[in-house]
$ cat final-v6.txt   # compact mmCIF, C-alpha atoms and all ligand atoms
# COMPACT_ATOMS: atom_id res chain seq x y z
CA MET A 1 -26.20 27.33 16.08
CA GLU A 2 -24.30 26.40 12.93
CA TYR A 3 -22.36 23.15 13.12
CA GLY A 4 -18.58 23.14 12.88
CA THR A 5 -16.66 21.27 10.17
CA LEU A 6 -14.54 18.14 10.42
CA TYR A 7 -11.33 18.45 8.38
CA ILE A 8 -9.55 15.20 7.49
CA VAL A 9 -5.94 16.35 7.30
CA ALA A 10 -3.17 14.28 5.69
CA THR A 11 0.24 14.58 7.39
CA PRO A 12 3.74 13.47 6.26
CA ILE A 13 4.74 9.77 6.06
CA GLY A 14 8.34 10.50 7.05
CA ASN A 15 9.69 13.72 5.59
CA LEU A 16 8.19 16.61 7.57
CA GLU A 17 8.24 18.84 4.49
CA ASP A 18 5.56 16.70 2.84
CA ILE A 19 2.66 18.77 4.11
CA THR A 20 0.61 21.33 2.21
CA TYR A 21 0.17 25.04 3.05
CA ARG A 22 -3.53 24.33 3.30
CA ALA A 23 -2.96 21.54 5.83
CA ILE A 24 -0.79 23.82 8.00
CA ASN A 25 -3.31 26.65 7.81
CA THR A 26 -6.15 24.28 8.67
CA LEU A 27 -4.25 22.96 11.70
CA LYS A 28 -3.62 26.58 12.77
CA GLU A 29 -7.22 27.69 12.32
CA VAL A 30 -9.31 24.85 13.78
CA ASP A 31 -10.43 24.88 17.42
CA ILE A 32 -9.33 21.33 18.18
CA ILE A 33 -7.01 18.73 16.66
CA ALA A 34 -8.03 15.10 17.17
CA ALA A 35 -4.87 12.98 16.88
CA GLU A 36 -4.17 9.24 16.80
CA ASP A 37 -1.15 9.74 19.08
CA THR A 38 -0.98 13.20 20.63
CA ARG A 39 2.76 12.94 21.43
CA HIS A 40 3.53 12.02 17.83
CA THR A 41 1.42 14.88 16.42
CA LEU A 42 2.98 17.30 18.89
CA LYS A 43 6.34 16.83 17.12
CA LEU A 44 4.76 17.93 13.84
CA LEU A 45 2.96 20.85 15.48
CA ASN A 46 6.16 22.00 17.23
CA HIS A 47 8.03 21.84 13.92
CA TYR A 48 5.47 24.25 12.40
CA GLU A 49 5.07 26.28 15.61
CA ILE A 50 1.39 25.43 15.98
CA THR A 51 -0.11 25.50 19.46
CA LYS A 52 -3.49 23.87 19.65
CA HIS A 53 -5.79 21.93 21.95
CA LEU A 54 -5.24 18.20 21.24
CA ILE A 55 -7.64 15.34 21.88
CA SER A 56 -6.59 11.72 21.47
CA TYR A 57 -8.59 9.72 18.92
CA HIS A 58 -7.32 6.19 18.32
CA ARG A 59 -8.62 2.70 17.57
CA HIS A 60 -9.27 1.85 21.23
CA ASN A 61 -11.31 4.94 22.10
CA GLU A 62 -12.81 5.59 18.66
CA GLU A 63 -16.39 4.90 19.75
CA THR A 64 -16.48 7.07 22.89
CA LYS A 65 -14.35 9.84 21.38
CA THR A 66 -16.53 9.97 18.27
CA GLN A 67 -19.49 10.93 20.45
CA GLU A 68 -17.45 13.57 22.30
CA LEU A 69 -16.16 15.09 19.06
CA ILE A 70 -19.62 15.05 17.44
CA GLU A 71 -20.96 17.06 20.40
CA LYS A 72 -18.18 19.63 19.97
CA LEU A 73 -18.86 19.85 16.23
CA LYS A 74 -22.55 20.41 17.01
CA GLN A 75 -21.52 23.24 19.35
CA GLY A 76 -19.90 24.92 16.32
CA LYS A 77 -16.28 23.90 16.92
CA ASN A 78 -14.10 23.15 13.90
CA ILE A 79 -12.01 20.00 14.28
CA ALA A 80 -9.03 18.64 12.33
CA LEU A 81 -8.50 14.89 12.41
CA VAL A 82 -4.94 13.63 11.89
CA SER A 83 -3.33 10.20 12.17
CA ASP A 84 0.30 9.34 12.95
CA ALA A 85 1.26 9.39 9.29
CA GLY A 86 -0.40 9.90 5.94
CA THR A 87 -4.12 10.02 5.33
CA PRO A 88 -6.58 9.34 8.18
CA GLY A 89 -9.05 6.55 7.40
CA ILE A 90 -6.52 4.64 5.27
CA CYS A 91 -5.59 1.80 7.65
CA ASP A 92 -5.87 4.44 10.36
CA PRO A 93 -8.74 5.74 12.53
CA GLY A 94 -11.22 8.07 10.86
CA GLU A 95 -13.98 5.96 9.33
CA GLU A 96 -16.15 5.94 12.44
CA ILE A 97 -16.36 9.71 12.93
CA ILE A 98 -16.75 10.35 9.20
CA PHE A 99 -19.75 7.98 9.04
CA LYS A 100 -21.31 9.69 12.06
CA CYS A 101 -20.74 13.22 10.72
CA ILE A 102 -22.40 12.35 7.41
CA GLU A 103 -25.30 10.76 9.29
CA ASP A 104 -25.73 13.89 11.46
CA GLY A 105 -25.40 16.41 8.63
CA ILE A 106 -21.95 17.69 9.71
CA LYS A 107 -19.67 18.83 6.88
CA VAL A 108 -16.53 16.71 6.25
CA ILE A 109 -13.72 18.27 4.21
CA PRO A 110 -10.61 16.41 2.98
CA ILE A 111 -7.26 18.21 3.13
CA PRO A 112 -5.15 16.12 0.72
CA GLY A 113 -1.55 15.08 1.23
CA ALA A 114 0.70 12.06 1.62
CA CYS A 115 -0.62 8.54 1.45
CA ALA A 116 1.99 5.78 1.52
CA PHE A 117 0.43 3.32 -0.93
CA VAL A 118 -0.17 5.90 -3.68
CA ASN A 119 3.50 6.87 -3.69
CA ALA A 120 4.61 3.23 -3.58
CA LEU A 121 2.37 2.45 -6.57
CA ILE A 122 3.42 5.34 -8.79
CA CYS A 123 7.13 4.47 -8.53
CA SER A 124 6.73 0.69 -8.45
CA GLY A 125 7.04 0.21 -12.18
CA LEU A 126 3.92 -1.98 -12.04
CA ASN A 127 0.65 -1.24 -13.81
CA THR A 128 -1.03 1.84 -12.28
CA GLU A 129 -4.14 1.86 -14.43
CA THR A 130 -6.21 -0.20 -12.01
CA PHE A 131 -5.16 -1.52 -8.61
CA LEU A 132 -6.43 -3.40 -5.60
CA PHE A 133 -5.49 -1.95 -2.21
CA LEU A 134 -6.05 -4.51 0.55
CA GLY A 135 -4.33 -2.79 3.50
CA PHE A 136 -2.97 -5.37 5.98
CA LEU A 137 -3.78 -9.02 5.20
CA PRO A 138 -6.08 -10.61 7.81
CA LEU A 139 -4.40 -12.84 10.41
CA ASN A 140 -7.33 -15.26 10.59
CA LYS A 141 -6.29 -18.30 8.50
CA LYS A 142 -9.49 -18.67 6.49
CA ASN A 143 -9.86 -14.95 5.69
CA ARG A 144 -6.18 -14.71 4.84
CA LYS A 145 -6.41 -17.63 2.39
CA GLN A 146 -9.42 -16.00 0.77
CA LYS A 147 -7.51 -12.73 0.24
CA LEU A 148 -4.49 -14.60 -1.13
CA GLU A 149 -6.75 -16.34 -3.65
CA GLU A 150 -8.16 -12.93 -4.59
CA ILE A 151 -4.61 -11.68 -5.27
CA LYS A 152 -3.84 -14.80 -7.30
CA ASN A 153 -6.70 -14.08 -9.68
CA SER A 154 -6.58 -10.29 -9.64
CA SER A 155 -6.09 -8.59 -12.99
CA GLN A 156 -4.98 -5.47 -11.10
CA THR A 157 -1.76 -4.57 -9.29
CA THR A 158 -2.27 -5.53 -5.64
CA ILE A 159 -0.98 -3.34 -2.79
CA LEU A 160 -0.49 -4.55 0.80
CA TYR A 161 0.73 -2.86 3.95
CA GLU A 162 2.88 -5.05 6.19
CA ALA A 163 5.02 -4.86 9.31
CA PRO A 164 8.71 -5.64 8.60
CA HIS A 165 8.86 -8.59 11.03
CA LYS A 166 5.92 -10.24 9.24
CA LEU A 167 7.20 -9.68 5.69
CA GLN A 168 8.89 -13.06 5.29
CA THR A 169 5.79 -14.97 6.42
CA THR A 170 3.56 -12.96 4.10
CA LEU A 171 5.90 -13.40 1.12
CA LYS A 172 6.04 -17.16 1.72
CA ASP A 173 2.23 -17.31 1.96
CA LEU A 174 2.03 -15.36 -1.30
CA GLN A 175 4.54 -17.65 -2.99
CA GLU A 176 2.59 -20.71 -1.93
CA ILE A 177 -0.70 -19.48 -3.36
CA ILE A 178 0.16 -17.27 -6.32
CA GLY A 179 3.49 -18.79 -7.42
CA ASP A 180 6.56 -16.81 -8.37
CA ARG A 181 5.16 -13.51 -9.60
CA LYS A 182 6.93 -10.14 -9.80
CA VAL A 183 6.85 -8.15 -6.56
CA VAL A 184 8.03 -4.70 -5.50
CA ILE A 185 8.90 -3.76 -1.92
CA ALA A 186 8.68 -0.02 -1.24
CA ARG A 187 10.59 0.76 1.95
CA GLU A 188 10.95 3.87 4.11
CA LEU A 189 9.30 6.20 1.59
CA THR A 190 10.33 9.86 1.87
CA LYS A 191 12.99 8.95 4.49
CA ILE A 192 16.80 8.62 4.31
CA HIS A 193 16.75 4.88 3.57
CA GLU A 194 13.99 5.00 0.96
CA GLU A 195 14.31 2.13 -1.52
CA PHE A 196 12.39 0.07 -4.05
CA ILE A 197 13.29 -3.61 -4.37
CA ARG A 198 11.95 -5.12 -7.60
CA ASP A 199 12.19 -8.86 -8.28
CA THR A 200 10.30 -12.15 -8.28
CA ILE A 201 8.85 -13.32 -4.94
CA LYS A 202 11.51 -16.03 -4.63
CA GLU A 203 14.39 -13.54 -4.95
CA ILE A 204 12.65 -10.94 -2.78
CA ILE A 205 12.36 -13.51 0.05
CA GLU A 206 16.16 -13.85 0.01
CA LYS A 207 16.83 -10.12 -0.37
CA THR A 208 14.57 -9.07 2.52
CA ALA A 209 15.52 -11.59 5.22
CA ASP A 210 16.69 -8.81 7.59
CA ILE A 211 14.55 -5.93 6.35
CA LYS A 212 13.72 -3.09 8.74
CA GLY A 213 11.59 0.05 8.53
CA GLU A 214 8.17 0.69 7.05
CA ILE A 215 7.27 -1.37 4.03
CA ILE A 216 4.64 -1.85 1.35
CA ILE A 217 4.27 -4.93 -0.86
CA LEU A 218 3.11 -4.50 -4.46
CA ILE A 219 2.26 -7.54 -6.56
CA GLU A 220 2.11 -7.70 -10.33
CA LYS A 221 -1.34 -8.42 -11.73
CA ALA A 222 -2.23 -11.93 -12.82
CA GLN A 223 -1.76 -12.65 -16.47
CA THR A 224 -5.00 -11.99 -18.25
CA LEU A 225 -6.49 -14.03 -21.05
CA GLU A 226 -5.34 -11.24 -23.36
CA ILE A 227 -1.69 -11.72 -22.39
CA GLN A 228 -2.09 -15.48 -22.57
CA GLN A 229 -3.31 -15.10 -26.15
CA LYS A 230 -0.38 -12.82 -26.92
CA PHE A 231 2.01 -15.53 -25.70
CA GLU A 232 0.50 -17.97 -28.13
CA GLU A 233 1.26 -15.58 -31.00
CA PHE A 234 4.82 -14.85 -29.79
CA SER A 235 7.85 -16.58 -31.25
CA LEU A 236 10.05 -18.05 -28.52
CA GLU A 237 12.46 -15.12 -28.93
CA GLU A 238 9.66 -12.58 -28.53
CA HIS A 239 8.43 -14.45 -25.48
CA TYR A 240 11.97 -14.38 -24.03
CA ASN A 241 12.36 -10.63 -24.73
CA TYR A 242 9.01 -9.91 -23.05
CA TYR A 243 10.34 -11.21 -19.73
CA GLU A 244 13.91 -9.98 -20.20
CA LYS A 245 12.60 -6.40 -20.43
CA GLN A 246 11.09 -6.87 -16.96
CA GLY A 247 14.58 -7.59 -15.52
CA ILE A 248 13.92 -11.30 -14.90
CA ASP A 249 16.98 -13.61 -15.04
CA LYS A 250 17.50 -16.31 -17.70
CA LYS A 251 16.68 -19.32 -15.52
CA GLU A 252 13.44 -17.76 -14.35
CA ILE A 253 12.49 -16.70 -17.90
CA ILE A 254 12.83 -20.26 -19.15
CA LYS A 255 10.66 -21.49 -16.29
CA LYS A 256 8.00 -18.91 -17.07
CA ILE A 257 7.98 -19.60 -20.82
CA ALA A 258 7.57 -23.32 -20.14
CA LYS A 259 4.66 -22.60 -17.83
CA ASP A 260 2.97 -20.14 -20.22
CA ARG A 261 3.22 -22.60 -23.12
CA ASN A 262 2.52 -25.67 -21.07
CA VAL A 263 5.68 -27.43 -22.23
CA SER A 264 8.64 -28.83 -20.27
CA LYS A 265 11.44 -26.53 -19.12
CA ASN A 266 13.87 -28.84 -20.82
CA GLU A 267 12.31 -28.23 -24.20
CA ILE A 268 12.84 -24.48 -23.81
CA TYR A 269 16.39 -24.96 -22.50
CA ILE A 270 17.28 -27.11 -25.51
CA TYR A 271 15.80 -24.57 -27.93
CA PHE A 272 17.87 -21.70 -26.52
CA ALA A 273 20.99 -23.88 -26.10
CA ASN A 274 20.87 -24.72 -29.83
CA LYS A 275 20.55 -21.03 -30.66
CA THR A 276 23.82 -20.03 -28.97
N1 LIG B 301 -2.61 6.25 6.88
C1 LIG B 301 -1.37 5.78 6.34
C2 LIG B 301 -1.33 6.14 4.84
O1 LIG B 301 -1.97 7.11 4.44
O2 LIG B 301 -0.63 5.48 4.07
C3 LIG B 301 -1.14 4.31 6.60
C4 LIG B 301 -1.04 3.96 8.05
S1 LIG B 301 -0.82 2.27 8.35
C5 LIG B 301 -1.16 2.14 10.06
C6 LIG B 301 0.92 2.11 8.42
C7 LIG B 301 1.49 1.30 7.22
O3 LIG B 301 1.62 2.17 6.10
C8 LIG B 301 2.89 0.77 7.48
O4 LIG B 301 2.87 -0.49 8.12
C9 LIG B 301 3.44 0.66 6.07
O5 LIG B 301 2.99 -0.52 5.44
C10 LIG B 301 2.81 1.87 5.39
N2 LIG B 301 3.68 3.06 5.48
C11 LIG B 301 3.46 4.19 6.17
N3 LIG B 301 4.48 5.07 5.99
C12 LIG B 301 5.35 4.46 5.15
C13 LIG B 301 6.61 4.84 4.59
N4 LIG B 301 7.16 6.02 4.86
N5 LIG B 301 7.23 3.97 3.76
C14 LIG B 301 6.68 2.77 3.47
N6 LIG B 301 5.51 2.36 4.00
C15 LIG B 301 4.84 3.18 4.82

$ encode --input "final-v6.txt" --output "structure tokens"
Amino acid sequence: MEYGTLYIVATPIGNLEDITYRAINTLKEVDIIAAEDTRHTLKLLNHYEITKHLISYHRHNEETKTQELIEKLKQGKNIALVSDAGTPGICDPGEEIIFKCIEDGIKVIPIPGACAFVNALICSGLNTETFLFLGFLPLNKKNRKQKLEEIKNSSQTTILYEAPHKLQTTLKDLQEIIGDRKVVIARELTKIHEEFIRDTIKEIIEKTADIKGEIIILIEKAQTLEIQQKFEEFSLEEHYNYYEKQGIDKKEIIKKIAKDRNVSKNEIYIYFANKT
């Protein structure tokens, strides 16, 4: 008997309209839908009037359910895997069954759609050329410190997922290790209260003290040697304009210039005070 196919179907991250025709048709046509939370997925299925046999597939039953689903796929059943929001396998269950399908020669097909971090990145205003997606930071102290050091030295925009009640702790940890770099908080994407907060870590800590909803942290890349060399060629005015264009306030700009040029803040203050 021919094996069935496993479809990895992306679902909306808030706005129910963010789903493709192909995703809806796939959900309609498969034999079974494996869902992270069946009650949650039922709301989406009801919205699109899809009635289908649902099987729960979440972190705590991933191992046993993988085996059960593999058997069904081997019996020729087509299965769609969905998570609560966005793309399965991205900080959501999926990896385990995908590994096993590949190992057993079962076809895996992606059905593209929403993924929270991609949308946060494209509208962040930070560099999108290369980026480092780290998901949730580890809680273990040693591993967490290691990741924070990685962010400190990364020449790519870093993206982190975080729970709102842990945001302040994470921002303070970031501030301690990487200093006061530019950060963007993408909140409640595709929902009514969607917003982007763009500022330095220090300011963001103050602005997000009572933040609620789903959030993503994006961190500006570390200054590369190339930029460092550019600073050396800049006049003080050019250096000032470079930061002003990024929306940084005067006090912070002077601090940054002093740091970049390895001179005292006072020296920079005096220079600009004499200019006005
Ligand atoms: N699989 C999902 C994806 O494709 O992005 C991610 C699931 S992960 C368990 C949940 C995290 O994604 C949240 O804690 C938050 O950091 C981020 N997230 C999901 N939906 C979001 C939204 N609408 N706005 C902002 N962040 C979101």

$ atom_distance --input "final-v6.txt" --atom1 "atom C2 of ligand LIG 301 (chain B)" --atom2 "CA of Pro12 (chain A)"
9.0 Å

$ closest_atom_pairs --input "final-v6.txt" --of "chain A" --to "ligand LIG 301 (chain B)" --cutoff "7 Å" --atoms "only C-alpha atoms and all ligand atoms" --output "Markdown table"
| residue | atom | partner | partner_atom | distance |
| --- | --- | --- | --- | --- |
| A:Ile13 | CA | B:LIG301 | N4 | 4.6 |
| A:Gly14 | CA | B:LIG301 | N4 | 5.1 |
| A:Ser83 | CA | B:LIG301 | N1 | 6.6 |
| A:Ala85 | CA | B:LIG301 | C1 | 5.4 |
| A:Gly86 | CA | B:LIG301 | O1 | 3.5 |
| A:Thr87 | CA | B:LIG301 | O1 | 3.7 |
| A:Pro88 | CA | B:LIG301 | N1 | 5.2 |
| A:Gly89 | CA | B:LIG301 | N1 | 6.5 |
| A:Ile90 | CA | B:LIG301 | N1 | 4.5 |
| A:Cys91 | CA | B:LIG301 | S1 | 4.8 |
| A:Asp92 | CA | B:LIG301 | N1 | 5.1 |
| A:Ala114 | CA | B:LIG301 | O1 | 6.3 |
| A:Cys115 | CA | B:LIG301 | O1 | 3.6 |
| A:Ala116 | CA | B:LIG301 | O2 | 3.7 |
| A:Phe117 | CA | B:LIG301 | O2 | 5.5 |
| A:Tyr161 | CA | B:LIG301 | O5 | 3.6 |
| A:Glu162 | CA | B:LIG301 | O5 | 4.6 |
| A:Ala163 | CA | B:LIG301 | O4 | 5.0 |
| A:Ala186 | CA | B:LIG301 | C14 | 5.8 |
| A:Arg187 | CA | B:LIG301 | C14 | 4.7 |
| A:Glu188 | CA | B:LIG301 | N5 | 3.7 |
| A:Leu189 | CA | B:LIG301 | N5 | 3.7 |
| A:Thr190 | CA | B:LIG301 | N4 | 5.8 |
| A:Lys191 | CA | B:LIG301 | N4 | 6.5 |
| A:Glu214 | CA | B:LIG301 | N6 | 4.4 |
| A:Ile215 | CA | B:LIG301 | N6 | 4.1 |
| A:Ile216 | CA | B:LIG301 | O5 | 4.6 |

$ atom_distance --input "final-v6.txt" --atom1 "CA of Ala209 (chain A)" --atom2 "CA of His165 (chain A)"
9.3 Å

$ atom_distance --input "final-v6.txt" --atom1 "CA of Thr66 (chain A)" --atom2 "CA of Asn143 (chain A)"
28.7 Å

$ residues_around --input "final-v6.txt" --residues "region 97-113 of chain A" --least-positions-apart "4" --cutoff "9 Å" --atoms "only C-alpha atoms" --output "list of chain:residue names"
A:Tyr3, A:Gly4, A:Thr5, A:Leu6, A:Tyr7, A:Ile8, A:Val9, A:Ala10, A:Thr11, A:Pro12, A:Asp18, A:Ile19, A:Thr20, A:Arg22, A:Ala23, A:Thr26, A:Glu62, A:Glu63, A:Lys65, A:Thr66, A:Gln67, A:Leu69, A:Ile70, A:Leu73, A:Lys74, A:Gly86, A:Thr87, A:Gly89, A:Pro93

$ residues_around --input "final-v6.txt" --residues "Thr200 (chain A)" --least-positions-apart "5" --cutoff "10 Å" --atoms "all atoms listed in the file" --output "number ranges by chain"
A: 175, 179-184, 205, 219-220, 247-249, 252

$ write_last_selection --input "final-v6.txt" --atoms "C-alpha atoms" --output "short mmCIF file (atom, residue, chain, number, x, y, z; two decimals), keeping the file's coordinate frame"
data_model
loop_
_atom_site.label_atom_id
_atom_site.label_comp_id
_atom_site.auth_asym_id
_atom_site.auth_seq_id
_atom_site.Cartn_x
_atom_site.Cartn_y
_atom_site.Cartn_z
CA GLN A 175 4.54 -17.65 -2.99
CA GLY A 179 3.49 -18.79 -7.42
CA ASP A 180 6.56 -16.81 -8.37
CA ARG A 181 5.16 -13.51 -9.60
CA LYS A 182 6.93 -10.14 -9.80
CA VAL A 183 6.85 -8.15 -6.56
CA VAL A 184 8.03 -4.70 -5.50
CA ILE A 205 12.36 -13.51 0.05
CA ILE A 219 2.26 -7.54 -6.56
CA GLU A 220 2.11 -7.70 -10.33
CA GLY A 247 14.58 -7.59 -15.52
CA ILE A 248 13.92 -11.30 -14.90
CA ASP A 249 16.98 -13.61 -15.04
CA GLU A 252 13.44 -17.76 -14.35
#

$ closest_residue --input "final-v6.txt" --among "A:Ile159, A:Ile253, A:Ile211, A:Ala273" --to "Asn127 (chain A)" --atoms "all atoms listed in the file"
A:Ile159

$ closest_residue --input "final-v6.txt" --among "A:Lys250, A:Leu236, A:Lys152, A:Lys142" --to "Glu267 (chain A)" --atoms "all atoms listed in the file"
A:Leu236

$ closest_residue --input "final-v6.txt" --among "A:Lys141, A:Lys221, A:Lys72, A:Lys245" --to "Ser154 (chain A)" --atoms "only C-alpha atoms"
A:Lys221

$ closest_residue --input "final-v6.txt" --among "A:Glu244, A:Ile33, A:Tyr269, A:Thr38" --to "Lys52 (chain A)" --atoms "all atoms listed in the file"
A:Ile33

$ residues_around --input "final-v6.txt" --residues "Leu121 (chain A)" --least-positions-apart "5" --cutoff "8 Å" --atoms "only C-alpha atoms" --output "VMD selection string"
chain A and resid 126 128 159 218

$ closest_residue --input "final-v6.txt" --among "A:Asn15, A:Thr41, A:Asn266, A:Gln168" --to "Leu27 (chain A)" --atoms "all atoms listed in the file"
A:Thr41

$ closest_residue --input "final-v6.txt" --among "A:Lys251, A:Val30, A:Lys172, A:Leu132" --to "Lys265 (chain A)" --atoms "all atoms listed in the file"
A:Lys251

$ build_atoms --input "final-v6.txt" --residues "region 24-37 of chain A" --atoms "N, CA and C atoms" --output "PDB file, in the frame of the given file"
ATOM      1  N   ILE A  24      -1.349  23.042   6.884  1.00  0.00           N
ATOM      2  CA  ILE A  24      -0.790  23.820   8.000  1.00  0.00           C
ATOM      3  C   ILE A  24      -1.790  24.898   8.435  1.00  0.00           C
ATOM      4  N   ASN A  25      -2.343  25.602   7.469  1.00  0.00           N
ATOM      5  CA  ASN A  25      -3.310  26.650   7.810  1.00  0.00           C
ATOM      6  C   ASN A  25      -4.535  26.076   8.502  1.00  0.00           C
ATOM      7  N   THR A  26      -4.974  24.904   8.036  1.00  0.00           N
ATOM      8  CA  THR A  26      -6.150  24.280   8.670  1.00  0.00           C
ATOM      9  C   THR A  26      -5.815  23.929  10.117  1.00  0.00           C
ATOM     10  N   LEU A  27      -4.640  23.333  10.322  1.00  0.00           N
ATOM     11  CA  LEU A  27      -4.250  22.960  11.700  1.00  0.00           C
ATOM     12  C   LEU A  27      -4.153  24.197  12.591  1.00  0.00           C
ATOM     13  N   LYS A  28      -3.741  25.323  11.988  1.00  0.00           N
ATOM     14  CA  LYS A  28      -3.620  26.580  12.770  1.00  0.00           C
ATOM     15  C   LYS A  28      -4.991  27.153  13.113  1.00  0.00           C
ATOM     16  N   GLU A  29      -5.937  26.978  12.177  1.00  0.00           N
ATOM     17  CA  GLU A  29      -7.220  27.690  12.320  1.00  0.00           C
ATOM     18  C   GLU A  29      -8.310  26.939  13.073  1.00  0.00           C
ATOM     19  N   VAL A  30      -8.225  25.596  13.113  1.00  0.00           N
ATOM     20  CA  VAL A  30      -9.310  24.850  13.780  1.00  0.00           C
ATOM     21  C   VAL A  30      -9.297  25.108  15.292  1.00  0.00           C
ATOM     22  N   ASP A  31     -10.370  24.714  15.967  1.00  0.00           N
ATOM     23  CA  ASP A  31     -10.430  24.880  17.420  1.00  0.00           C
ATOM     24  C   ASP A  31      -9.737  23.713  18.136  1.00  0.00           C
ATOM     25  N   ILE A  32      -9.873  22.535  17.528  1.00  0.00           N
ATOM     26  CA  ILE A  32      -9.330  21.330  18.180  1.00  0.00           C
ATOM     27  C   ILE A  32      -8.670  20.445  17.115  1.00  0.00           C
ATOM     28  N   ILE A  33      -7.589  19.757  17.541  1.00  0.00           N
ATOM     29  CA  ILE A  33      -7.010  18.730  16.660  1.00  0.00           C
ATOM     30  C   ILE A  33      -7.217  17.382  17.350  1.00  0.00           C
ATOM     31  N   ALA A  34      -7.864  16.459  16.652  1.00  0.00           N
ATOM     32  CA  ALA A  34      -8.030  15.100  17.170  1.00  0.00           C
ATOM     33  C   ALA A  34      -6.921  14.261  16.541  1.00  0.00           C
ATOM     34  N   ALA A  35      -6.064  13.662  17.394  1.00  0.00           N
ATOM     35  CA  ALA A  35      -4.870  12.980  16.880  1.00  0.00           C
ATOM     36  C   ALA A  35      -4.805  11.538  17.352  1.00  0.00           C
ATOM     37  N   GLU A  36      -4.303  10.664  16.466  1.00  0.00           N
ATOM     38  CA  GLU A  36      -4.170   9.240  16.800  1.00  0.00           C
ATOM     39  C   GLU A  36      -3.237   9.073  18.006  1.00  0.00           C
ATOM     40  N   ASP A  37      -2.099   9.774  17.956  1.00  0.00           N
ATOM     41  CA  ASP A  37      -1.150   9.740  19.080  1.00  0.00           C
ATOM     42  C   ASP A  37      -0.730  11.198  19.308  1.00  0.00           C
TER      43      ASP A  37
END
